[in-house]
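S.K.: Sharing work.cif, mmCIF, C-alpha atoms:
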data_work
loop_
_atom_site.label_atom_id
_atom_site.label_comp_id
_atom_site.auth_asym_id
_atom_site.auth_seq_id
_atom_site.Cartn_x
_atom_site.Cartn_y
_atom_site.Cartn_z
CA MET O 201 -2.02 -28.31 5.18
CA LYS O 202 -5.14 -26.64 3.91
CA SER O 203 -5.40 -23.02 2.83
CA LEU O 204 -8.09 -20.79 1.43
CA PHE O 205 -7.93 -19.87 -2.23
CA ALA O 206 -10.19 -17.79 -4.46
CA ALA O 207 -12.49 -20.08 -6.44
CA LEU O 208 -14.02 -18.97 -9.70
CA LEU O 209 -17.78 -18.61 -9.31
CA GLY O 210 -19.07 -16.82 -12.40
CA SER O 211 -17.84 -15.47 -15.72
CA LEU O 212 -18.43 -18.76 -17.51
CA VAL O 213 -18.26 -18.43 -21.27
CA LEU O 214 -19.71 -20.27 -24.20
CA SER O 215 -17.60 -22.77 -26.07
CA THR O 216 -15.69 -21.61 -29.12
CA THR O 217 -14.47 -23.27 -32.27
CA ALA O 218 -11.02 -21.69 -32.09
CA THR O 219 -8.05 -23.92 -31.36
CA ALA O 220 -7.06 -23.94 -27.70
CA HIS O 221 -3.61 -24.18 -26.17
CA VAL O 222 -4.26 -27.83 -25.32
CA HIS O 223 -2.47 -29.45 -22.39
CA ASN O 224 -3.19 -32.48 -20.27
CA LEU O 225 -4.92 -30.70 -17.38
CA VAL O 226 -5.95 -27.15 -18.32
CA ASP O 227 -6.34 -25.46 -21.71
CA LEU O 228 -5.27 -21.81 -21.94
CA GLN O 229 -6.54 -19.21 -24.43
CA VAL O 230 -6.42 -15.44 -24.74
CA VAL O 231 -9.55 -13.60 -25.91
CA ASP O 232 -9.71 -10.06 -27.32
CA ARG O 233 -12.78 -8.73 -25.50
CA ASP O 234 -13.19 -5.77 -27.86
CA THR O 235 -13.54 -7.99 -30.94
CA GLY O 236 -14.71 -11.21 -29.27
CA ALA O 237 -12.03 -13.19 -31.10
CA VAL O 238 -9.92 -15.92 -29.55
CA LEU O 239 -6.35 -14.96 -30.47
CA ASP O 240 -4.62 -17.39 -32.79
CA LEU O 241 -1.64 -19.27 -31.42
CA HIS O 242 1.67 -19.16 -33.27
CA HIS O 243 4.35 -21.70 -32.35
CA ARG O 244 8.08 -21.29 -32.71
CA ARG O 245 10.91 -23.24 -31.09
CA GLY O 246 8.62 -24.84 -28.54
CA HIS O 247 6.97 -21.59 -27.43
CA ALA O 248 3.41 -20.34 -28.00
CA TYR O 249 2.66 -16.72 -28.98
CA VAL O 250 -0.41 -14.56 -29.54
CA ALA O 251 -0.63 -11.14 -31.19
CA GLY O 252 -2.47 -8.52 -29.15
CA GLU O 253 -3.84 -5.12 -30.16
CA PRO O 254 -2.68 -2.13 -28.05
CA GLY O 255 -5.56 -0.58 -26.13
CA HIS O 256 -7.82 -3.63 -26.38
CA ARG O 257 -9.20 -5.40 -23.32
CA TYR O 258 -8.50 -9.10 -23.08
CA ALA O 259 -9.37 -12.12 -20.97
CA VAL O 260 -7.57 -15.31 -20.01
CA LEU O 261 -9.70 -18.36 -20.78
CA MET O 262 -9.05 -21.57 -18.84
CA GLN O 263 -10.76 -24.93 -19.12
CA ASN O 264 -10.29 -27.84 -16.77
CA ARG O 265 -9.98 -30.97 -18.92
CA THR O 266 -10.19 -33.36 -15.99
CA GLY O 267 -13.02 -34.84 -13.96
CA GLU O 268 -11.62 -33.48 -10.70
CA ARG O 269 -11.02 -30.07 -9.18
CA VAL O 270 -7.75 -28.34 -10.00
CA MET O 271 -6.21 -25.05 -8.97
CA ALA O 272 -4.58 -22.68 -11.48
CA VAL O 273 -2.25 -19.99 -10.14
CA LEU O 274 -2.43 -17.25 -12.78
CA SER O 275 0.60 -15.11 -13.59
CA VAL O 276 0.39 -12.09 -15.92
CA ASP O 277 3.70 -10.34 -16.69
CA GLY O 278 5.21 -12.25 -13.77
CA VAL O 279 2.63 -10.90 -11.31
CA ASN O 280 0.01 -13.00 -9.54
CA ALA O 281 -3.36 -11.88 -10.95
CA VAL O 282 -5.12 -12.61 -7.63
CA THR O 283 -2.72 -11.31 -4.98
CA GLY O 284 -0.56 -8.80 -6.89
CA GLU O 285 2.61 -10.41 -5.57
CA THR O 286 5.53 -11.44 -7.74
CA ALA O 287 4.21 -14.74 -9.06
CA ASP O 288 4.99 -17.97 -7.22
CA PRO O 289 3.13 -21.31 -7.49
CA TYR O 290 2.31 -21.38 -3.78
CA GLN O 291 0.23 -18.20 -3.81
CA GLY O 292 -3.53 -17.87 -4.24
CA GLY O 293 -5.18 -19.04 -7.43
CA TYR O 294 -8.45 -20.03 -9.10
CA VAL O 295 -10.09 -23.37 -8.36
CA LEU O 296 -11.87 -24.93 -11.34
CA GLY O 297 -14.48 -27.65 -10.96
CA PRO O 298 -14.50 -30.77 -13.15
CA TYR O 299 -14.50 -29.75 -16.84
CA GLU O 300 -15.27 -26.14 -15.85
CA ARG O 301 -14.56 -23.44 -18.43
CA ALA O 302 -14.03 -19.95 -17.05
CA GLU O 303 -12.92 -16.46 -18.06
CA ILE O 304 -10.58 -14.26 -16.02
CA ASN O 305 -11.07 -10.63 -17.06
CA GLY O 306 -8.62 -8.75 -14.89
CA TRP O 307 -6.53 -8.18 -11.80
CA ARG O 308 -8.48 -9.28 -8.72
CA LYS O 309 -9.28 -6.28 -6.51
CA SER O 310 -11.79 -7.92 -4.15
CA MET O 311 -14.14 -10.89 -3.99
CA SER O 312 -16.52 -9.05 -6.31
CA GLU O 313 -14.37 -6.81 -8.53
CA VAL O 314 -11.43 -6.88 -10.97
CA ALA O 315 -9.40 -4.26 -12.83
CA GLN O 316 -9.54 -5.12 -16.54
CA PHE O 317 -6.61 -6.64 -18.41
CA VAL O 318 -5.71 -4.15 -21.16
CA PHE O 319 -2.94 -4.50 -23.75
CA SER O 320 -0.64 -1.50 -23.28
CA ALA O 321 2.87 -0.23 -23.88
CA PRO O 322 5.36 -2.13 -21.67
CA GLU O 323 6.16 0.94 -19.60
CA ALA O 324 2.43 1.44 -18.85
CA SER O 325 1.95 -2.15 -17.67
CA TYR O 326 1.04 -2.88 -14.07
CA ALA O 327 4.24 -4.89 -13.64
CA ALA O 328 6.45 -2.03 -14.85
CA ARG O 329 4.58 0.56 -12.78
CA THR O 330 5.19 -1.56 -9.68
CA GLY O 331 8.91 -1.97 -10.45
CA ARG O 332 8.80 -5.50 -11.97
CA PRO O 333 9.23 -5.16 -15.76
CA GLN O 334 11.41 -8.26 -16.24
CA ASN O 335 8.61 -10.61 -17.35
CA VAL O 336 6.30 -8.28 -19.27
CA GLY O 337 4.71 -10.07 -22.21
CA VAL O 338 3.96 -13.52 -20.79
CA ILE O 339 0.85 -15.19 -19.34
CA GLY O 340 1.17 -18.45 -17.42
CA ILE O 341 -0.63 -20.81 -15.09
CA ALA O 342 0.73 -23.31 -12.57
CA VAL O 343 -1.78 -26.15 -12.25
CA PHE O 344 -2.21 -28.35 -9.18
CA ARG O 345 -4.33 -31.46 -8.70
CA GLU O 346 -6.31 -31.75 -5.46
CA ARG O 347 -5.36 -34.14 -2.70
CA VAL O 348 -8.30 -36.38 -1.86
CA PRO O 349 -8.02 -38.00 1.59
CA ALA O 350 -8.01 -41.79 1.34
CA TYR O 351 -9.62 -43.85 4.08
CA VAL O 352 -7.17 -46.28 5.65
CA PRO O 353 -8.82 -48.73 8.07
CA PRO O 354 -6.98 -49.11 11.38
CA PRO O 355 -5.22 -52.45 12.02
CA PRO O 356 -7.04 -54.89 14.29
CA PRO O 357 -5.89 -54.83 17.93
CA VAL O 358 -3.54 -57.58 19.10
CA TYR O 359 -3.48 -58.51 22.78
CA ARG O 360 -1.77 -61.27 24.77
CA GLY O 361 -2.79 -63.19 27.86
CA ASP O 362 -5.30 -61.43 30.11
CA GLU O 363 -4.43 -57.99 28.63
CA TRP O 364 -7.55 -58.27 26.45
CA ARG O 365 -9.70 -58.85 29.55
CA ARG O 366 -8.20 -55.89 31.41
CA LYS O 367 -8.68 -53.45 28.51
CA SER O 368 -12.10 -54.75 27.62
CA MET O 369 -13.20 -54.15 31.22
CA ALA O 370 -11.93 -50.56 31.16
CA PRO O 371 -14.55 -47.81 30.60
CA GLY O 372 -15.40 -47.91 26.94
CA GLY O 373 -13.68 -51.26 26.40
CA ALA O 374 -10.76 -51.95 24.11
CA ASN O 375 -11.93 -49.54 21.42
CA GLU O 376 -11.75 -46.60 23.78
CA ALA O 377 -8.31 -47.61 24.95
CA ASP O 378 -7.11 -47.76 21.36
CA ALA O 379 -8.64 -44.34 20.65
CA MET O 380 -6.88 -42.85 23.68
CA ALA O 381 -3.57 -44.25 22.47
CA GLN O 382 -4.13 -42.83 19.00
CA ARG O 383 -4.99 -39.41 20.38
CA ALA O 384 -1.81 -39.41 22.43
CA ALA O 385 0.34 -40.26 19.40
CA PRO O 386 1.99 -37.27 17.70
CA ALA O 387 0.34 -36.21 14.44
CA PRO O 388 2.47 -36.31 11.26
CA SER O 389 3.67 -32.91 10.12
CA ALA O 390 2.37 -31.47 6.84
CA GLU O 391 5.18 -28.93 6.67
CA ALA O 392 7.86 -31.34 5.49
CA GLY O 393 8.03 -30.50 1.79
CA LEU O 394 6.63 -26.98 1.87
CA ASP O 395 9.65 -24.80 2.56
CA ALA O 396 11.75 -26.36 -0.18
CA SER O 397 8.97 -25.93 -2.74
CA ARG O 398 8.65 -22.21 -2.01
CA ASP O 399 12.15 -21.75 -3.35
CA GLN O 400 10.91 -22.86 -6.78
CA PRO O 401 9.94 -19.81 -8.89
CA MET O 402 6.97 -20.04 -11.22
CA ALA O 403 9.15 -19.97 -14.33
CA ASP O 404 12.12 -22.27 -13.70
CA ALA O 405 13.56 -21.44 -17.13
CA LYS O 406 13.61 -17.64 -16.71
CA ARG O 407 16.44 -15.96 -18.56
CA GLU O 408 17.64 -12.48 -19.27
CA ARG O 409 15.94 -11.34 -22.46
CA SER O 410 17.64 -9.04 -24.93
CA GLU O 411 15.98 -5.97 -26.40
CA GLU O 412 15.34 -7.94 -29.57
CA PHE O 413 13.02 -10.38 -27.80
CA ALA O 414 11.43 -8.04 -25.24
CA SER O 415 7.69 -7.71 -25.84
CA GLU O 416 6.29 -4.44 -27.17
CA LEU O 417 3.07 -5.12 -25.23
CA GLY O 418 2.28 -5.28 -21.54
CA THR O 419 -0.88 -5.57 -19.44
CA ALA O 420 -2.22 -2.38 -17.88
CA HIS O 421 -4.43 -1.98 -14.81
CA GLY O 422 -7.70 -1.01 -16.53
CA HIS O 423 -11.17 0.06 -15.41
CA ARG O 424 -12.89 -1.92 -12.69
CA GLU O 425 -15.78 -4.26 -13.36
CA TRP O 426 -17.91 -6.73 -11.42
CA SER O 427 -16.58 -10.28 -11.18
CA GLU O 428 -17.71 -12.25 -8.15
CA VAL O 429 -15.81 -15.16 -6.61
CA ARG O 430 -16.04 -17.08 -3.36
CA SER O 431 -13.54 -18.84 -1.10
CA THR O 432 -13.01 -22.56 -0.89
CA GLN O 433 -10.52 -24.97 0.63
CA PHE O 434 -8.04 -26.74 -1.62
CA GLU O 435 -5.18 -29.02 -0.62
CA ARG O 436 -2.52 -29.61 -3.26
CA ARG O 437 -1.68 -33.20 -4.12
CA SER O 438 1.96 -32.36 -4.78
CA THR O 439 4.50 -29.82 -3.58
CA HIS O 440 5.29 -29.04 -7.23
CA PRO O 441 2.92 -27.95 -10.02
CA ASP O 442 1.47 -30.83 -12.00
CA GLU O 443 1.59 -28.65 -15.11
CA ILE O 444 2.82 -25.21 -16.17
CA VAL O 445 1.25 -23.57 -19.24
CA GLN O 446 2.76 -20.42 -20.74
CA VAL O 447 1.80 -18.10 -23.61
CA GLN O 448 3.83 -15.10 -24.71
CA TYR O 449 2.14 -12.08 -26.29
CA ASP O 450 3.37 -9.19 -28.41
CA THR O 451 2.25 -6.87 -31.20
CA PHE O 452 1.63 -8.43 -34.60
CA GLU O 453 4.36 -6.31 -36.21
CA HIS O 454 6.97 -7.27 -33.63
CA LEU O 455 6.11 -10.96 -33.88
CA VAL O 456 6.66 -10.68 -37.64
CA GLU O 457 10.03 -9.02 -37.03
CA ARG O 458 10.96 -11.76 -34.57
CA GLY O 459 10.14 -14.42 -37.14
CA VAL O 460 7.24 -15.86 -35.14
CA ILE O 461 4.60 -14.90 -37.73
CA ARG O 462 5.26 -15.09 -41.45
CA ARG O 463 3.48 -12.58 -43.63
CA PRO O 464 1.70 -14.15 -46.61
CA ARG O 465 3.69 -13.49 -49.77
CA TRP O 466 1.87 -11.11 -52.12
CA GLU O 467 1.86 -12.20 -55.74
CA PRO O 468 0.67 -9.81 -58.49
CA GLU O 469 -2.28 -10.98 -60.54
CA GLU O 470 -1.76 -11.71 -64.23
CA PRO O 471 -3.55 -9.34 -66.64
CA ARG O 472 -6.99 -10.44 -67.86
CA ALA O 473 -8.92 -9.40 -70.93
CA PHE O 474 -12.28 -9.45 -69.18
CA ALA O 475 -11.92 -8.21 -65.62
CA GLY O 476 -15.53 -7.15 -64.97
CA PHE O 477 -17.71 -4.02 -65.30
CA VAL O 478 -16.49 -0.57 -66.19
CA PRO O 479 -15.37 1.36 -63.08
CA ASP O 480 -15.45 5.16 -62.72
CA PRO O 481 -12.21 6.88 -63.76
#
Is it possible to express this structure as structure tokens?

M.R.:
Amino acid sequence: MKSLFAALLGSLVLSTTATAHVHNLVDLQVVDRDTGAVLDLHHRRGHAYVAGEPGHRYAVLMQNRTGERVMAVLSVDGVNAVTGETADPYQGGYVLGPYERAEINGWRKSMSEVAQFVFSAPEASYAARTGRPQNVGVIGIAVFRERVPAYVPPPPPVYRGDEWRRKSMAPGGANEADAMAQRAAPAPSAEAGLDASRDQPMADAKRERSEEFASELGTAHGHREWSEVRSTQFERRSTHPDEIVQVQYDTFEHLVERGVIRRPRWEPEEPRAFAGFVPDP
């Protein structure tokens, strides 16, 4: 079954030397748009974290590492960044061409406009303001490979006795008779595995988070800006995501408190006889 999805058209960005969140299919980074810096990744217990600055605009950077088209369904705070629905892999997403690198700057409002992603207090986040605060503080993508139709040649016709002569003498000959039989045959259904897959939430490992681990940052619905996309057709190769990439974000101070980031230990300098020029008193 084929459906229309938003395909990223513009907003391509230059390559950067910062380390990406490298996966097999799509790399994921978070960029502070006010400073231009790619946020450093901090890893702890199998999870990736970035430290955001309250009030700063940010962008989600995705790069297709394959030589084929893929679709990335983007979830911010558990909300689909294209449709605004509670995130699910089978909703609309962004289609990336082979090796395409693209920047997503905000919540999609139309085919030509987004509302900026802005780091905010959790209660001011779009998810909390729409009654869905459970997953504030996490950015994720569900990645799908594209199904490419494979040509399967039809089997050669097999006839017995004078059946070949009768069908070959029919209007259009044997080929037309075969085509009529194929048209009369019921088409295989593409719905078989779809309903079961819709029951799979985007984050299969969701859990109730305590106050200690709840993020002190969310993503607000910021000012609108131009960001044009177009529609394309994309058929998923599988009923399940081929890859799920997730990054959690929080304030620097809270990540230090949670033990994700370690502050560098300050060591006092030893006294020196010749420290430099004479400063003013």

S.K.: Mind giving me the straight-line distance from CA of Ser431 in chain O to CA of Glu303 in chain O in Å, one decimal?

M.R.: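 Rounded to one decimal, the two atoms are 17.1 Å apart.
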
S.K.: Spell out the residues picked by the PyMOL selection byres ((chain O and resi 450-456) around 12) here, as JSON, numbers by chain.

M.R.: {"O": [239, 240, 241, 242, 243, 244, 248, 249, 250, 251, 252, 253, 254, 255, 256, 277, 319, 320, 321, 322, 336, 337, 338, 339, 411, 412, 413, 414, 415, 416, 417, 418, 419, 447, 448, 449, 457, 458, 459, 460, 461, 462, 463, 464]}

S.K.: I need the residues from that last selection saved to file as a PDB file, keeping the file's coordinate frame (with C-alpha atoms), if you can.

M.R.:
ATOM      1  CA  LEU O 239      -6.350 -14.960 -30.470  1.00  0.00           C
ATOM      2  CA  ASP O 240      -4.620 -17.390 -32.790  1.00  0.00           C
ATOM      3  CA  LEU O 241      -1.640 -19.270 -31.420  1.00  0.00           C
ATOM      4  CA  HIS O 242       1.670 -19.160 -33.270  1.00  0.00           C
ATOM      5  CA  HIS O 243       4.350 -21.700 -32.350  1.00  0.00           C
ATOM      6  CA  ARG O 244       8.080 -21.290 -32.710  1.00  0.00           C
ATOM      7  CA  ALA O 248       3.410 -20.340 -28.000  1.00  0.00           C
ATOM      8  CA  TYR O 249       2.660 -16.720 -28.980  1.00  0.00           C
ATOM      9  CA  VAL O 250      -0.410 -14.560 -29.540  1.00  0.00           C
ATOM     10  CA  ALA O 251      -0.630 -11.140 -31.190  1.00  0.00           C
ATOM     11  CA  GLY O 252      -2.470  -8.520 -29.150  1.00  0.00           C
ATOM     12  CA  GLU O 253      -3.840  -5.120 -30.160  1.00  0.00           C
ATOM     13  CA  PRO O 254      -2.680  -2.130 -28.050  1.00  0.00           C
ATOM     14  CA  GLY O 255      -5.560  -0.580 -26.130  1.00  0.00           C
ATOM     15  CA  HIS O 256      -7.820  -3.630 -26.380  1.00  0.00           C
ATOM     16  CA  ASP O 277       3.700 -10.340 -16.690  1.00  0.00           C
ATOM     17  CA  PHE O 319      -2.940  -4.500 -23.750  1.00  0.00           C
ATOM     18  CA  SER O 320      -0.640  -1.500 -23.280  1.00  0.00           C
ATOM     19  CA  ALA O 321       2.870  -0.230 -23.880  1.00  0.00           C
ATOM     20  CA  PRO O 322       5.360  -2.130 -21.670  1.00  0.00           C
ATOM     21  CA  VAL O 336       6.300  -8.280 -19.270  1.00  0.00           C
ATOM     22  CA  GLY O 337       4.710 -10.070 -22.210  1.00  0.00           C
ATOM     23  CA  VAL O 338       3.960 -13.520 -20.790  1.00  0.00           C
ATOM     24  CA  ILE O 339       0.850 -15.190 -19.340  1.00  0.00           C
ATOM     25  CA  GLU O 411      15.980  -5.970 -26.400  1.00  0.00           C
ATOM     26  CA  GLU O 412      15.340  -7.940 -29.570  1.00  0.00           C
ATOM     27  CA  PHE O 413      13.020 -10.380 -27.800  1.00  0.00           C
ATOM     28  CA  ALA O 414      11.430  -8.040 -25.240  1.00  0.00           C
ATOM     29  CA  SER O 415       7.690  -7.710 -25.840  1.00  0.00           C
ATOM     30  CA  GLU O 416       6.290  -4.440 -27.170  1.00  0.00           C
ATOM     31  CA  LEU O 417       3.070  -5.120 -25.230  1.00  0.00           C
ATOM     32  CA  GLY O 418       2.280  -5.280 -21.540  1.00  0.00           C
ATOM     33  CA  THR O 419      -0.880  -5.570 -19.440  1.00  0.00           C
ATOM     34  CA  VAL O 447       1.800 -18.100 -23.610  1.00  0.00           C
ATOM     35  CA  GLN O 448       3.830 -15.100 -24.710  1.00  0.00           C
ATOM     36  CA  TYR O 449       2.140 -12.080 -26.290  1.00  0.00           C
ATOM     37  CA  GLU O 457      10.030  -9.020 -37.030  1.00  0.00           C
ATOM     38  CA  ARG O 458      10.960 -11.760 -34.570  1.00  0.00           C
ATOM     39  CA  GLY O 459      10.140 -14.420 -37.140  1.00  0.00           C
ATOM     40  CA  VAL O 460       7.240 -15.860 -35.140  1.00  0.00           C
ATOM     41  CA  ILE O 461       4.600 -14.900 -37.730  1.00  0.00           C
ATOM     42  CA  ARG O 462       5.260 -15.090 -41.450  1.00  0.00           C
ATOM     43  CA  ARG O 463       3.480 -12.580 -43.630  1.00  0.00           C
ATOM     44  CA  PRO O 464       1.700 -14.150 -46.610  1.00  0.00           C
TER      45      PRO O 464
END

S.K.: In Å, rounded to a single decimal, give me how far CA of Gly236 in chain O is from CA of Thr266 in chain O.

M.R.: 26.2 Å
